[in-house]
Amino acid sequence: MALIALGVTGGIGAYKAVDVCRGLQRHGHDVVAVMTRSAARFVGPVTFEAITRRRVVTSQWKPGMNAEIEHIAIADQIALLLVAPCTANVIGKFAAGLADDFLSSLYLATRAPVLVAPAMNSNMLAHDAVQRNLRTLAARGVRLVEPGEGYLACGWIGKGRLAESSDIVAAALAMLTPVDSILRGRHVVVTAGPTYEDIDAVRYVGNRSSGRMGFALAAEARRRGARVTLVAGPTGLEPPGADEIVRVRSAAEMHAAVMVAASRAEVVIMAAAVADYTPSSPAAHKAPKADAPLTLRLERTRDILGDLSGTASRAASGTPLLVGFAAETGDAAAKAREKRTRKGVDLMVANDVARPDAGFEVETNAVTLIDAEGEQELPVQSKERVAAAILDRVEQLLRTRAASPVRA
Ligand code: CTP
């Protein structure tokens, strides 16, 4: 049984939150309701008090609320913050990091996963500002329950109505930290994004990786209770919450950061697209152009996975468990199979980046998981779901290892 904070904000769908609350309780969870001032105009707090059998939090400023700094106390105890319905205003406050009431302070204070179910008029939902805020939240690891289409309270027919209560409950249940995850308390290092290799003071060689896959893996590992170190190359996306975030630029910097973090890690997932080559002698100033063609001399970068798999301690203990990515064009699985053995990694994730719905700069991915036991081809799905499938496999490998600690 988990404690879930149910944030209720000021939309006409607020009455449906009662149903959501009941649904969570039916699955054995305990709910504390947190209502914004406007929500209390739609549904009386007493309703939630009666069904949750807990005091409903409606304000930060009531005498007695601060004896334990309640938003911090609740933030620490909850396994999930679910906001249903979530108005454009609250989505904006979460995205901007404002904390002018109990719910927005709770959002900033909690380390629990966050799920929001937006509900608003179709034009508001489609507005650039709201869409941008939703993207900011998604990039931070906040999950969304898509609003439904239909008759809206304002008389419009369109997209924006609160999703069905049963769908919200199902999404919430799927997000609760699995209590039995073998990753709980373990240290996981995840790399994400590209690396930039400087040519001179203003130019670099880079690649198209957005960091999305690595960020999804970091968020999912944390959801399962792991302590996560995220080593991120330069990307415009907002990283998800992690216990430690190390920002790097070049392959050499990523190598150094991963080596340090990996020395205390049980799992290392190399989702970053690390440059294989770097300019031999980058100019410290901006190099002027000349009429003659330019030849750039590149030298090999150090292979991070190769170096990790070759350490004496890993040879002896098999730790850390190593996961690599093989971004290929054409026959990805065959190339990844070869790469897995050559690089000495436990699990190789093969993806065909030539597909329009997989790989760089898109939100979906289609991968094949390859380990010593066999292969599993996964359908095209969101990078969040791919991350969950990869970590399911990692958990399985860790459990097998725990059952027979001697390495094959
Ligand atoms: N990788 C790494 N260090 C590097 C380059 C890549 O650890 N210097 C990791 C990547 O993060 C990825 C895996 O190795 O997990 C595969 O990377 P890729 O560049 O596709 O493999 P290569 O062995 O370099 O193969 P290729 O010859 O196809 O470039």
# chains A, B, ... in the order shown; residues from 1 in each chain; ligands from 1
call {"tool": "closest_atom_pairs", "arguments": {"of": "chain A", "to": "ligand 1", "cutoff": "7 Å", "atoms": "only C-alpha atoms and all ligand atoms", "output": "JSON lines"}}
result
{"residue": "A:Ala251", "atom": "CA", "partner": "ligand 1", "partner_atom_place_in_ligand_line": "8 (N)", "distance": 6.4}
{"residue": "A:Met270", "atom": "CA", "partner": "ligand 1", "partner_atom_place_in_ligand_line": "11 (O)", "distance": 4.3}
{"residue": "A:Ala271", "atom": "CA", "partner": "ligand 1", "partner_atom_place_in_ligand_line": "11 (O)", "distance": 5.2}
{"residue": "A:Ala272", "atom": "CA", "partner": "ligand 1", "partner_atom_place_in_ligand_line": "11 (O)", "distance": 4.6}
{"residue": "A:Ala273", "atom": "CA", "partner": "ligand 1", "partner_atom_place_in_ligand_line": "11 (O)", "distance": 5.2}
{"residue": "A:Val274", "atom": "CA", "partner": "ligand 1", "partner_atom_place_in_ligand_line": "5 (C)", "distance": 4.5}
{"residue": "A:Ala275", "atom": "CA", "partner": "ligand 1", "partner_atom_place_in_ligand_line": "5 (C)", "distance": 5.7}
{"residue": "A:Asp276", "atom": "CA", "partner": "ligand 1", "partner_atom_place_in_ligand_line": "8 (N)", "distance": 4.9}
{"residue": "A:Thr301", "atom": "CA", "partner": "ligand 1", "partner_atom_place_in_ligand_line": "8 (N)", "distance": 5.2}
{"residue": "A:Arg302", "atom": "CA", "partner": "ligand 1", "partner_atom_place_in_ligand_line": "8 (N)", "distance": 5.0}
{"residue": "A:Asp303", "atom": "CA", "partner": "ligand 1", "partner_atom_place_in_ligand_line": "3 (N)", "distance": 3.6}
{"residue": "A:Ile304", "atom": "CA", "partner": "ligand 1", "partner_atom_place_in_ligand_line": "7 (O)", "distance": 3.6}
{"residue": "A:Leu305", "atom": "CA", "partner": "ligand 1", "partner_atom_place_in_ligand_line": "7 (O)", "distance": 3.8}
{"residue": "A:Gly306", "atom": "CA", "partner": "ligand 1", "partner_atom_place_in_ligand_line": "7 (O)", "distance": 6.5}
{"residue": "A:Val323", "atom": "CA", "partner": "ligand 1", "partner_atom_place_in_ligand_line": "15 (O)", "distance": 6.9}
{"residue": "A:Gly324", "atom": "CA", "partner": "ligand 1", "partner_atom_place_in_ligand_line": "15 (O)", "distance": 3.5}
{"residue": "A:Phe325", "atom": "CA", "partner": "ligand 1", "partner_atom_place_in_ligand_line": "15 (O)", "distance": 3.7}
{"residue": "A:Ala326", "atom": "CA", "partner": "ligand 1", "partner_atom_place_in_ligand_line": "20 (O)", "distance": 4.4}
{"residue": "A:Ala327", "atom": "CA", "partner": "ligand 1", "partner_atom_place_in_ligand_line": "20 (O)", "distance": 5.2}
{"residue": "A:Glu328", "atom": "CA", "partner": "ligand 1", "partner_atom_place_in_ligand_line": "20 (O)", "distance": 6.8}
{"residue": "A:Lys339", "atom": "CA", "partner": "ligand 1", "partner_atom_place_in_ligand_line": "23 (O)", "distance": 6.1}
call {"tool": "select_by_dssp", "arguments": {"residues": "region 151-276 of chain A", "states": "helix (DSSP H, G or I)", "output": "ChimeraX atom specification"}}
result
/A:165-175,212-223,251-262
call {"tool": "write_last_selection", "arguments": {"atoms": "N, CA and C atoms", "output": "short mmCIF file (atom, residue, chain, number, x, y, z; two decimals), in the first residue's frame"}}
result
data_model
loop_
_atom_site.label_atom_id
_atom_site.label_comp_id
_atom_site.auth_asym_id
_atom_site.auth_seq_id
_atom_site.Cartn_x
_atom_site.Cartn_y
_atom_site.Cartn_z
N SER A 165 -11.75 8.43 -15.44
CA SER A 165 -11.17 8.12 -14.12
C SER A 165 -10.42 6.80 -14.14
N SER A 166 -10.98 5.81 -14.84
CA SER A 166 -10.32 4.49 -14.84
C SER A 166 -8.96 4.57 -15.53
N ASP A 167 -8.85 5.42 -16.57
CA ASP A 167 -7.55 5.57 -17.26
C ASP A 167 -6.54 6.28 -16.35
N ILE A 168 -7.04 7.26 -15.59
CA ILE A 168 -6.14 7.99 -14.68
C ILE A 168 -5.63 7.04 -13.59
N VAL A 169 -6.54 6.24 -13.07
CA VAL A 169 -6.14 5.28 -12.01
C VAL A 169 -5.13 4.28 -12.57
N ALA A 170 -5.38 3.78 -13.77
CA ALA A 170 -4.46 2.80 -14.38
C ALA A 170 -3.08 3.41 -14.57
N ALA A 171 -3.04 4.67 -15.04
CA ALA A 171 -1.74 5.33 -15.25
C ALA A 171 -1.02 5.52 -13.92
N ALA A 172 -1.79 5.85 -12.88
CA ALA A 172 -1.19 6.05 -11.56
C ALA A 172 -0.61 4.74 -11.03
N LEU A 173 -1.36 3.66 -11.18
CA LEU A 173 -0.89 2.37 -10.66
C LEU A 173 0.40 1.95 -11.36
N ALA A 174 0.45 2.23 -12.68
CA ALA A 174 1.63 1.83 -13.46
C ALA A 174 2.87 2.61 -13.01
N MET A 175 2.64 3.77 -12.39
CA MET A 175 3.79 4.60 -12.00
C MET A 175 4.31 4.34 -10.60
N ARG A 212 17.06 12.08 -25.25
CA ARG A 212 15.74 11.65 -24.77
C ARG A 212 15.76 10.22 -24.22
N MET A 213 16.44 9.31 -24.93
CA MET A 213 16.43 7.90 -24.51
C MET A 213 17.15 7.76 -23.16
N GLY A 214 18.30 8.41 -23.03
CA GLY A 214 19.06 8.33 -21.77
C GLY A 214 18.28 8.97 -20.63
N PHE A 215 17.60 10.08 -20.92
CA PHE A 215 16.82 10.74 -19.88
C PHE A 215 15.67 9.84 -19.42
N ALA A 216 15.04 9.16 -20.37
CA ALA A 216 13.94 8.26 -20.01
C ALA A 216 14.47 7.12 -19.14
N LEU A 217 15.66 6.63 -19.45
CA LEU A 217 16.25 5.55 -18.65
C LEU A 217 16.58 6.03 -17.23
N ALA A 218 17.12 7.25 -17.13
CA ALA A 218 17.45 7.79 -15.81
C ALA A 218 16.18 7.94 -14.98
N ALA A 219 15.12 8.46 -15.60
CA ALA A 219 13.86 8.66 -14.87
C ALA A 219 13.28 7.33 -14.43
N GLU A 220 13.34 6.33 -15.30
CA GLU A 220 12.75 5.03 -14.99
C GLU A 220 13.56 4.32 -13.89
N ALA A 221 14.88 4.44 -13.95
CA ALA A 221 15.72 3.80 -12.92
C ALA A 221 15.41 4.42 -11.56
N ARG A 222 15.20 5.74 -11.55
CA ARG A 222 14.90 6.43 -10.30
C ARG A 222 13.53 6.01 -9.79
N ARG A 223 12.59 5.84 -10.72
CA ARG A 223 11.24 5.41 -10.33
C ARG A 223 11.29 4.06 -9.64
N ALA A 251 33.87 13.78 -25.56
CA ALA A 251 34.01 12.35 -25.25
C ALA A 251 35.02 12.14 -24.12
N ALA A 252 36.08 12.95 -24.12
CA ALA A 252 37.10 12.81 -23.07
C ALA A 252 36.51 13.15 -21.70
N GLU A 253 35.68 14.22 -21.67
CA GLU A 253 35.06 14.59 -20.39
C GLU A 253 34.08 13.51 -19.95
N MET A 254 33.35 12.95 -20.92
CA MET A 254 32.39 11.90 -20.56
C MET A 254 33.14 10.67 -20.04
N HIS A 255 34.25 10.35 -20.67
CA HIS A 255 35.07 9.21 -20.23
C HIS A 255 35.47 9.40 -18.77
N ALA A 256 36.01 10.60 -18.47
CA ALA A 256 36.49 10.85 -17.10
C ALA A 256 35.33 10.76 -16.10
N ALA A 257 34.20 11.37 -16.44
CA ALA A 257 33.06 11.40 -15.51
C ALA A 257 32.51 10.00 -15.28
N VAL A 258 32.41 9.20 -16.36
CA VAL A 258 31.84 7.85 -16.21
C VAL A 258 32.78 6.96 -15.40
N MET A 259 34.08 7.10 -15.64
CA MET A 259 35.02 6.25 -14.89
C MET A 259 34.89 6.50 -13.38
N VAL A 260 34.75 7.75 -12.99
CA VAL A 260 34.61 8.07 -11.57
C VAL A 260 33.30 7.50 -11.03
N ALA A 261 32.20 7.79 -11.75
CA ALA A 261 30.88 7.35 -11.25
C ALA A 261 30.77 5.83 -11.26
N ALA A 262 31.35 5.19 -12.26
CA ALA A 262 31.19 3.74 -12.41
C ALA A 262 31.91 2.96 -11.33
#
call {"tool": "closest_atom_pairs", "arguments": {"of": "region 144-237 of chain A", "to": "region 10-17 of chain A", "cutoff": "8 Å", "atoms": "only C-alpha atoms", "output": "Markdown table"}}
result
| residue | atom | partner | partner_atom | distance |
| --- | --- | --- | --- | --- |
| A:Ala153 | CA | A:Ile12 | CA | 7.0 |
| A:Arg161 | CA | A:Gly13 | CA | 7.7 |
| A:Leu162 | CA | A:Gly13 | CA | 6.2 |
| A:Ser165 | CA | A:Lys16 | CA | 6.8 |
call {"tool": "closest_atom_pairs", "arguments": {"of": "region 28-127 of chain A", "to": "region 136-146 of chain A", "cutoff": "7 Å", "atoms": "only C-alpha atoms", "output": "JSON lines"}}
result
{"residue": "A:Ala95", "atom": "CA", "partner": "A:Leu137", "partner_atom": "CA", "distance": 5.9}
{"residue": "A:Pro113", "atom": "CA", "partner": "A:Val142", "partner_atom": "CA", "distance": 6.9}
{"residue": "A:Val114", "atom": "CA", "partner": "A:Val142", "partner_atom": "CA", "distance": 5.1}
{"residue": "A:Leu115", "atom": "CA", "partner": "A:Arg143", "partner_atom": "CA", "distance": 4.7}
{"residue": "A:Val116", "atom": "CA", "partner": "A:Leu144", "partner_atom": "CA", "distance": 5.1}
{"residue": "A:Ala117", "atom": "CA", "partner": "A:Val145", "partner_atom": "CA", "distance": 4.8}
call {"tool": "residues_around", "arguments": {"residues": "Thr329 (chain A)", "least_positions_apart": "5", "cutoff": "10 Å", "atoms": "only C-alpha atoms", "output": "number ranges by chain"}}
result
A: 335, 351-355
call {"tool": "write_last_selection", "arguments": {"atoms": "all heavy atoms", "output": "PDB file, in the first residue's frame"}}
result
ATOM      1  N   LYS A 335      24.838  -6.304 -36.384  1.00  0.00           N
ATOM      2  CA  LYS A 335      25.990  -5.467 -36.015  1.00  0.00           C
ATOM      3  C   LYS A 335      26.078  -5.352 -34.484  1.00  0.00           C
ATOM      4  O   LYS A 335      27.168  -5.351 -33.913  1.00  0.00           O
ATOM      5  CB  LYS A 335      25.856  -4.081 -36.629  1.00  0.00           C
ATOM      6  CG  LYS A 335      26.029  -4.088 -38.140  1.00  0.00           C
ATOM      7  CD  LYS A 335      25.934  -2.674 -38.670  1.00  0.00           C
ATOM      8  CE  LYS A 335      25.850  -2.671 -40.195  1.00  0.00           C
ATOM      9  NZ  LYS A 335      25.371  -1.408 -40.720  1.00  0.00           N
ATOM     10  N   ASN A 351      19.390  -0.335 -32.152  1.00  0.00           N
ATOM     11  CA  ASN A 351      18.303   0.365 -32.829  1.00  0.00           C
ATOM     12  C   ASN A 351      18.716   0.844 -34.203  1.00  0.00           C
ATOM     13  O   ASN A 351      19.842   1.264 -34.420  1.00  0.00           O
ATOM     14  CB  ASN A 351      17.624   1.454 -31.983  1.00  0.00           C
ATOM     15  CG  ASN A 351      18.524   2.584 -31.608  1.00  0.00           C
ATOM     16  OD1 ASN A 351      19.717   2.422 -31.569  1.00  0.00           O
ATOM     17  ND2 ASN A 351      17.939   3.727 -31.331  1.00  0.00           N
ATOM     18  N   ASP A 352      17.740   0.702 -35.114  1.00  0.00           N
ATOM     19  CA  ASP A 352      17.975   1.067 -36.498  1.00  0.00           C
ATOM     20  C   ASP A 352      17.613   2.542 -36.639  1.00  0.00           C
ATOM     21  O   ASP A 352      16.437   2.898 -36.727  1.00  0.00           O
ATOM     22  CB  ASP A 352      17.078   0.186 -37.385  1.00  0.00           C
ATOM     23  CG  ASP A 352      17.337   0.448 -38.858  1.00  0.00           C
ATOM     24  OD1 ASP A 352      18.041   1.423 -39.167  1.00  0.00           O
ATOM     25  OD2 ASP A 352      16.827  -0.328 -39.689  1.00  0.00           O
ATOM     26  N   VAL A 353      18.621   3.392 -36.657  1.00  0.00           N
ATOM     27  CA  VAL A 353      18.338   4.836 -36.661  1.00  0.00           C
ATOM     28  C   VAL A 353      17.925   5.350 -38.046  1.00  0.00           C
ATOM     29  O   VAL A 353      17.631   6.525 -38.209  1.00  0.00           O
ATOM     30  CB  VAL A 353      19.540   5.659 -36.121  1.00  0.00           C
ATOM     31  CG1 VAL A 353      19.689   5.467 -34.639  1.00  0.00           C
ATOM     32  CG2 VAL A 353      20.829   5.312 -36.849  1.00  0.00           C
ATOM     33  N   ALA A 354      17.901   4.436 -39.037  1.00  0.00           N
ATOM     34  CA  ALA A 354      17.438   4.856 -40.366  1.00  0.00           C
ATOM     35  C   ALA A 354      15.912   4.935 -40.396  1.00  0.00           C
ATOM     36  O   ALA A 354      15.332   5.592 -41.250  1.00  0.00           O
ATOM     37  CB  ALA A 354      17.941   3.877 -41.420  1.00  0.00           C
ATOM     38  N   ARG A 355      15.240   4.254 -39.445  1.00  0.00           N
ATOM     39  CA  ARG A 355      13.766   4.291 -39.421  1.00  0.00           C
ATOM     40  C   ARG A 355      13.288   5.670 -38.988  1.00  0.00           C
ATOM     41  O   ARG A 355      13.866   6.257 -38.074  1.00  0.00           O
ATOM     42  CB  ARG A 355      13.239   3.268 -38.392  1.00  0.00           C
ATOM     43  CG  ARG A 355      13.432   1.838 -38.785  1.00  0.00           C
ATOM     44  CD  ARG A 355      13.010   0.967 -37.633  1.00  0.00           C
ATOM     45  NE  ARG A 355      11.599   1.170 -37.329  1.00  0.00           N
ATOM     46  CZ  ARG A 355      10.735   0.198 -37.075  1.00  0.00           C
ATOM     47  NH1 ARG A 355      11.152  -1.058 -37.109  1.00  0.00           N
ATOM     48  NH2 ARG A 355       9.492   0.452 -36.796  1.00  0.00           N
TER      49      ARG A 355
END
call {"tool": "residues_around", "arguments": {"residues": "Leu108 (chain A)", "least_positions_apart": "5", "cutoff": "8 Å", "atoms": "only C-alpha atoms", "output": "tab-separated table (two decimals) with all heavy atoms, in the first residue's frame"}}
result
chain	number	residue	atom	x	y	z
A	94	PHE	N	3.97	24.58	-12.35
A	94	PHE	CA	4.92	23.46	-12.22
A	94	PHE	C	6.09	23.67	-13.19
A	94	PHE	O	7.25	23.49	-12.83
A	94	PHE	CB	4.24	22.13	-12.56
A	94	PHE	CG	3.34	21.58	-11.47
A	94	PHE	CD1	3.10	22.29	-10.31
A	94	PHE	CD2	2.73	20.34	-11.64
A	94	PHE	CE1	2.26	21.77	-9.32
A	94	PHE	CE2	1.90	19.80	-10.66
A	94	PHE	CZ	1.66	20.52	-9.50
A	97	GLY	N	8.32	26.40	-11.97
A	97	GLY	CA	8.92	26.22	-10.64
A	97	GLY	C	8.42	27.22	-9.62
A	97	GLY	O	9.12	27.54	-8.66
A	99	ALA	N	6.12	28.47	-6.49
A	99	ALA	CA	5.65	27.74	-5.31
A	99	ALA	C	4.86	28.70	-4.43
A	99	ALA	O	5.28	29.06	-3.34
A	99	ALA	CB	6.83	27.15	-4.55
call {"tool": "residues_around", "arguments": {"residues": "Thr52 (chain A)", "least_positions_apart": "5", "cutoff": "9 Å", "atoms": "only C-alpha atoms", "output": "PyMOL selection string"}}
result
chain A and resi 21-22+25+30-33+47
call {"tool": "write_last_selection", "arguments": {"atoms": "all heavy atoms", "output": "compact mmCIF listing (two decimals), in the first residue's frame"}}
result
# COMPACT_ATOMS: atom_id res chain seq x y z
N CYS A 21 -10.03 9.04 -6.66
CA CYS A 21 -9.63 8.74 -5.29
C CYS A 21 -10.13 7.36 -4.88
O CYS A 21 -9.38 6.52 -4.37
CB CYS A 21 -10.19 9.82 -4.37
SG CYS A 21 -9.75 9.60 -2.67
N ARG A 22 -11.40 7.10 -5.16
CA ARG A 22 -11.99 5.80 -4.84
C ARG A 22 -11.27 4.66 -5.56
O ARG A 22 -11.01 3.61 -5.00
CB ARG A 22 -13.47 5.78 -5.28
CG ARG A 22 -14.37 6.49 -4.34
CD ARG A 22 -15.26 5.43 -3.65
NE ARG A 22 -16.22 6.04 -2.75
CZ ARG A 22 -15.99 6.21 -1.45
NH1 ARG A 22 -14.84 5.84 -0.91
NH2 ARG A 22 -16.90 6.73 -0.68
N GLN A 25 -8.07 3.89 -3.92
CA GLN A 25 -8.32 3.19 -2.64
C GLN A 25 -8.70 1.74 -2.88
O GLN A 25 -8.29 0.85 -2.14
CB GLN A 25 -9.43 3.91 -1.87
CG GLN A 25 -8.98 5.23 -1.31
CD GLN A 25 -10.13 6.01 -0.70
OE1 GLN A 25 -11.25 6.00 -1.22
NE2 GLN A 25 -9.87 6.69 0.39
N ASP A 30 -3.55 4.52 -0.04
CA ASP A 30 -4.02 5.55 0.87
C ASP A 30 -3.86 6.89 0.14
O ASP A 30 -2.86 7.09 -0.55
CB ASP A 30 -3.08 5.49 2.09
CG ASP A 30 -3.65 6.23 3.27
OD1 ASP A 30 -4.81 6.67 3.19
OD2 ASP A 30 -2.91 6.38 4.26
N VAL A 31 -4.86 7.76 0.27
CA VAL A 31 -4.82 9.01 -0.51
C VAL A 31 -4.90 10.21 0.43
O VAL A 31 -5.71 10.23 1.35
CB VAL A 31 -6.01 9.06 -1.50
CG1 VAL A 31 -5.98 10.37 -2.31
CG2 VAL A 31 -5.98 7.86 -2.45
N VAL A 32 -4.03 11.21 0.17
CA VAL A 32 -4.19 12.48 0.86
C VAL A 32 -4.54 13.50 -0.23
O VAL A 32 -3.85 13.59 -1.25
CB VAL A 32 -2.93 12.87 1.67
CG1 VAL A 32 -1.65 12.86 0.83
CG2 VAL A 32 -3.10 14.24 2.31
N ALA A 33 -5.65 14.20 -0.02
CA ALA A 33 -6.10 15.15 -1.04
C ALA A 33 -5.51 16.54 -0.75
O ALA A 33 -5.50 16.99 0.39
CB ALA A 33 -7.61 15.21 -1.08
N THR A 47 -15.96 16.60 1.22
CA THR A 47 -16.18 15.39 0.42
C THR A 47 -14.92 14.52 0.42
O THR A 47 -14.96 13.31 0.67
CB THR A 47 -16.52 15.78 -1.05
OG1 THR A 47 -17.57 16.72 -1.01
CG2 THR A 47 -16.89 14.58 -1.88
call {"tool": "select_by_dssp", "arguments": {"residues": "region 130-350 of chain A", "states": "strand (DSSP E or B)", "output": "compact mmCIF listing (two decimals) with N, CA and C atoms, in the first residue's frame"}}
result
# COMPACT_ATOMS: atom_id res chain seq x y z
N ARG A 143 4.73 12.47 -16.04
CA ARG A 143 3.90 11.73 -17.00
C ARG A 143 2.57 12.44 -17.17
N LEU A 144 1.98 12.29 -18.32
CA LEU A 144 0.70 12.93 -18.61
C LEU A 144 -0.34 11.87 -18.93
N GLY A 148 -9.19 13.75 -22.95
CA GLY A 148 -10.03 13.11 -23.95
C GLY A 148 -10.72 14.13 -24.85
N GLU A 149 -11.38 13.63 -25.88
CA GLU A 149 -12.14 14.51 -26.77
C GLU A 149 -13.61 14.35 -26.43
N GLY A 150 -14.36 15.40 -26.64
CA GLY A 150 -15.80 15.28 -26.41
C GLY A 150 -16.40 16.60 -26.04
N TYR A 151 -17.52 16.52 -25.39
CA TYR A 151 -18.28 17.72 -25.02
C TYR A 151 -17.62 18.36 -23.81
N ILE A 157 -17.01 21.32 -28.43
CA ILE A 157 -16.69 19.90 -28.59
C ILE A 157 -15.26 19.85 -29.08
N GLY A 158 -14.40 19.16 -28.39
CA GLY A 158 -13.00 19.13 -28.79
C GLY A 158 -12.17 18.40 -27.76
N LYS A 159 -10.84 18.57 -27.88
CA LYS A 159 -9.94 17.87 -26.98
C LYS A 159 -9.69 18.73 -25.75
N GLY A 160 -9.72 18.16 -24.59
CA GLY A 160 -9.43 18.94 -23.39
C GLY A 160 -10.12 18.42 -22.15
N ARG A 161 -11.11 17.52 -22.34
CA ARG A 161 -11.81 17.06 -21.14
C ARG A 161 -10.94 16.08 -20.36
N HIS A 187 23.13 1.70 -7.20
CA HIS A 187 23.63 2.88 -7.92
C HIS A 187 23.69 2.59 -9.42
N VAL A 188 22.97 3.41 -10.17
CA VAL A 188 22.93 3.22 -11.63
C VAL A 188 23.48 4.49 -12.29
N VAL A 189 24.42 4.29 -13.21
CA VAL A 189 24.96 5.42 -13.98
C VAL A 189 24.35 5.37 -15.38
N VAL A 190 23.80 6.49 -15.83
CA VAL A 190 23.22 6.55 -17.17
C VAL A 190 23.89 7.69 -17.92
N THR A 191 24.31 7.44 -19.16
CA THR A 191 24.82 8.55 -19.97
C THR A 191 23.78 8.89 -21.03
N ALA A 192 23.76 10.16 -21.44
CA ALA A 192 22.74 10.59 -22.39
C ALA A 192 23.27 11.70 -23.27
N PRO A 194 24.58 13.74 -26.94
CA PRO A 194 25.74 13.64 -27.82
C PRO A 194 27.01 14.09 -27.09
N GLU A 197 32.91 17.71 -30.07
CA GLU A 197 34.37 17.68 -30.16
C GLU A 197 34.82 18.98 -30.84
N ASP A 198 35.52 19.80 -30.10
CA ASP A 198 35.86 21.13 -30.61
C ASP A 198 36.88 21.10 -31.74
N TYR A 204 32.49 22.88 -33.71
CA TYR A 204 32.67 21.55 -33.14
C TYR A 204 32.12 20.49 -34.08
N VAL A 205 32.47 19.24 -33.83
CA VAL A 205 31.88 18.10 -34.51
C VAL A 205 30.92 17.47 -33.51
N ARG A 227 19.60 4.77 -7.08
CA ARG A 227 20.29 6.06 -6.96
C ARG A 227 20.93 6.31 -8.32
N VAL A 228 20.57 7.42 -8.94
CA VAL A 228 20.98 7.60 -10.34
C VAL A 228 21.99 8.74 -10.50
N THR A 229 23.09 8.42 -11.18
CA THR A 229 24.00 9.46 -11.64
C THR A 229 23.79 9.59 -13.13
N LEU A 230 23.43 10.78 -13.57
CA LEU A 230 23.20 11.03 -14.99
C LEU A 230 24.37 11.84 -15.54
N VAL A 231 25.05 11.27 -16.52
CA VAL A 231 26.15 12.00 -17.17
C VAL A 231 25.63 12.45 -18.52
N ALA A 232 25.42 13.75 -18.68
CA ALA A 232 24.72 14.24 -19.87
C ALA A 232 25.60 15.11 -20.74
N GLU A 244 22.38 12.75 -8.98
CA GLU A 244 23.57 13.52 -9.33
C GLU A 244 23.53 13.72 -10.85
N ILE A 245 23.75 14.95 -11.29
CA ILE A 245 23.81 15.20 -12.73
C ILE A 245 25.19 15.78 -13.05
N VAL A 246 25.93 15.11 -13.92
CA VAL A 246 27.24 15.62 -14.32
C VAL A 246 27.13 16.06 -15.77
N ARG A 247 27.34 17.33 -16.02
CA ARG A 247 27.27 17.87 -17.38
C ARG A 247 28.65 17.78 -18.02
N VAL A 267 25.30 -0.71 -12.05
CA VAL A 267 24.86 -0.79 -13.45
C VAL A 267 25.33 0.48 -14.16
N VAL A 268 25.86 0.32 -15.37
CA VAL A 268 26.19 1.49 -16.19
C VAL A 268 25.49 1.33 -17.54
N ILE A 269 24.69 2.33 -17.89
CA ILE A 269 23.95 2.28 -19.16
C ILE A 269 24.47 3.39 -20.05
N MET A 270 25.13 3.00 -21.13
CA MET A 270 25.73 3.99 -22.03
C MET A 270 24.76 4.29 -23.18
N ALA A 273 25.50 9.09 -27.32
CA ALA A 273 26.13 8.90 -28.63
C ALA A 273 27.50 9.56 -28.55
N TYR A 277 35.60 9.94 -32.88
CA TYR A 277 36.79 10.69 -33.30
C TYR A 277 36.72 12.11 -32.79
N THR A 278 37.89 12.69 -32.56
CA THR A 278 37.95 14.08 -32.11
C THR A 278 39.07 14.80 -32.85
N PRO A 279 38.91 16.09 -33.18
CA PRO A 279 39.98 16.80 -33.87
C PRO A 279 41.30 16.70 -33.11
N LEU A 298 41.43 13.82 -37.52
CA LEU A 298 40.71 13.35 -36.33
C LEU A 298 41.43 12.18 -35.72
N GLU A 299 41.40 12.12 -34.42
CA GLU A 299 41.99 10.93 -33.80
C GLU A 299 40.92 10.20 -32.99
N ARG A 300 41.16 8.94 -32.70
CA ARG A 300 40.17 8.12 -31.98
C ARG A 300 40.01 8.62 -30.56
N LEU A 321 27.27 -4.10 -14.13
CA LEU A 321 26.61 -4.67 -15.29
C LEU A 321 26.59 -3.57 -16.37
N LEU A 322 27.01 -3.93 -17.58
CA LEU A 322 27.14 -2.91 -18.62
C LEU A 322 26.07 -3.05 -19.70
N VAL A 323 25.46 -1.91 -20.04
CA VAL A 323 24.47 -1.88 -21.11
C VAL A 323 24.96 -0.90 -22.18
N GLY A 324 25.03 -1.36 -23.41
CA GLY A 324 25.46 -0.48 -24.50
C GLY A 324 24.34 -0.29 -25.50
N PHE A 325 24.46 0.74 -26.31
CA PHE A 325 23.51 1.00 -27.38
C PHE A 325 24.24 0.90 -28.71
N ALA A 326 23.62 0.28 -29.67
CA ALA A 326 24.22 0.22 -31.00
C ALA A 326 23.25 0.88 -31.97
N ALA A 327 23.56 2.14 -32.31
CA ALA A 327 22.73 2.86 -33.27
C ALA A 327 23.27 2.53 -34.65
N GLU A 328 22.48 1.86 -35.45
CA GLU A 328 22.98 1.38 -36.74
C GLU A 328 22.01 1.76 -37.85
N LEU A 347 24.46 -6.37 -21.96
CA LEU A 347 23.22 -6.19 -22.73
C LEU A 347 23.45 -5.12 -23.78
N MET A 348 23.13 -5.44 -25.02
CA MET A 348 23.27 -4.45 -26.09
C MET A 348 21.88 -4.13 -26.61
N VAL A 349 21.61 -2.84 -26.73
CA VAL A 349 20.33 -2.39 -27.25
C VAL A 349 20.56 -1.92 -28.68
N ALA A 350 19.98 -2.67 -29.62
CA ALA A 350 20.21 -2.33 -31.03
C ALA A 350 19.08 -1.47 -31.53
call {"tool": "closest_residue", "arguments": {"among": "A:Lys286, A:Arg399, A:Arg385, A:Arg264", "to": "Val202 (chain A)", "atoms": "only C-alpha atoms"}}
result
A:Lys286
call {"tool": "atom_distance", "arguments": {"atom1": "CA of Asp19 (chain A)", "atom2": "CA of Ser59 (chain A)"}}
result
22.7 Å
call {"tool": "residues_around", "arguments": {"residues": "region 356-359 of chain A", "least_positions_apart": "6", "cutoff": "8 Å", "atoms": "only C-alpha atoms", "output": "list in words"}}
result
Ala327, Asn365, Ala366 and Val380 of chain A
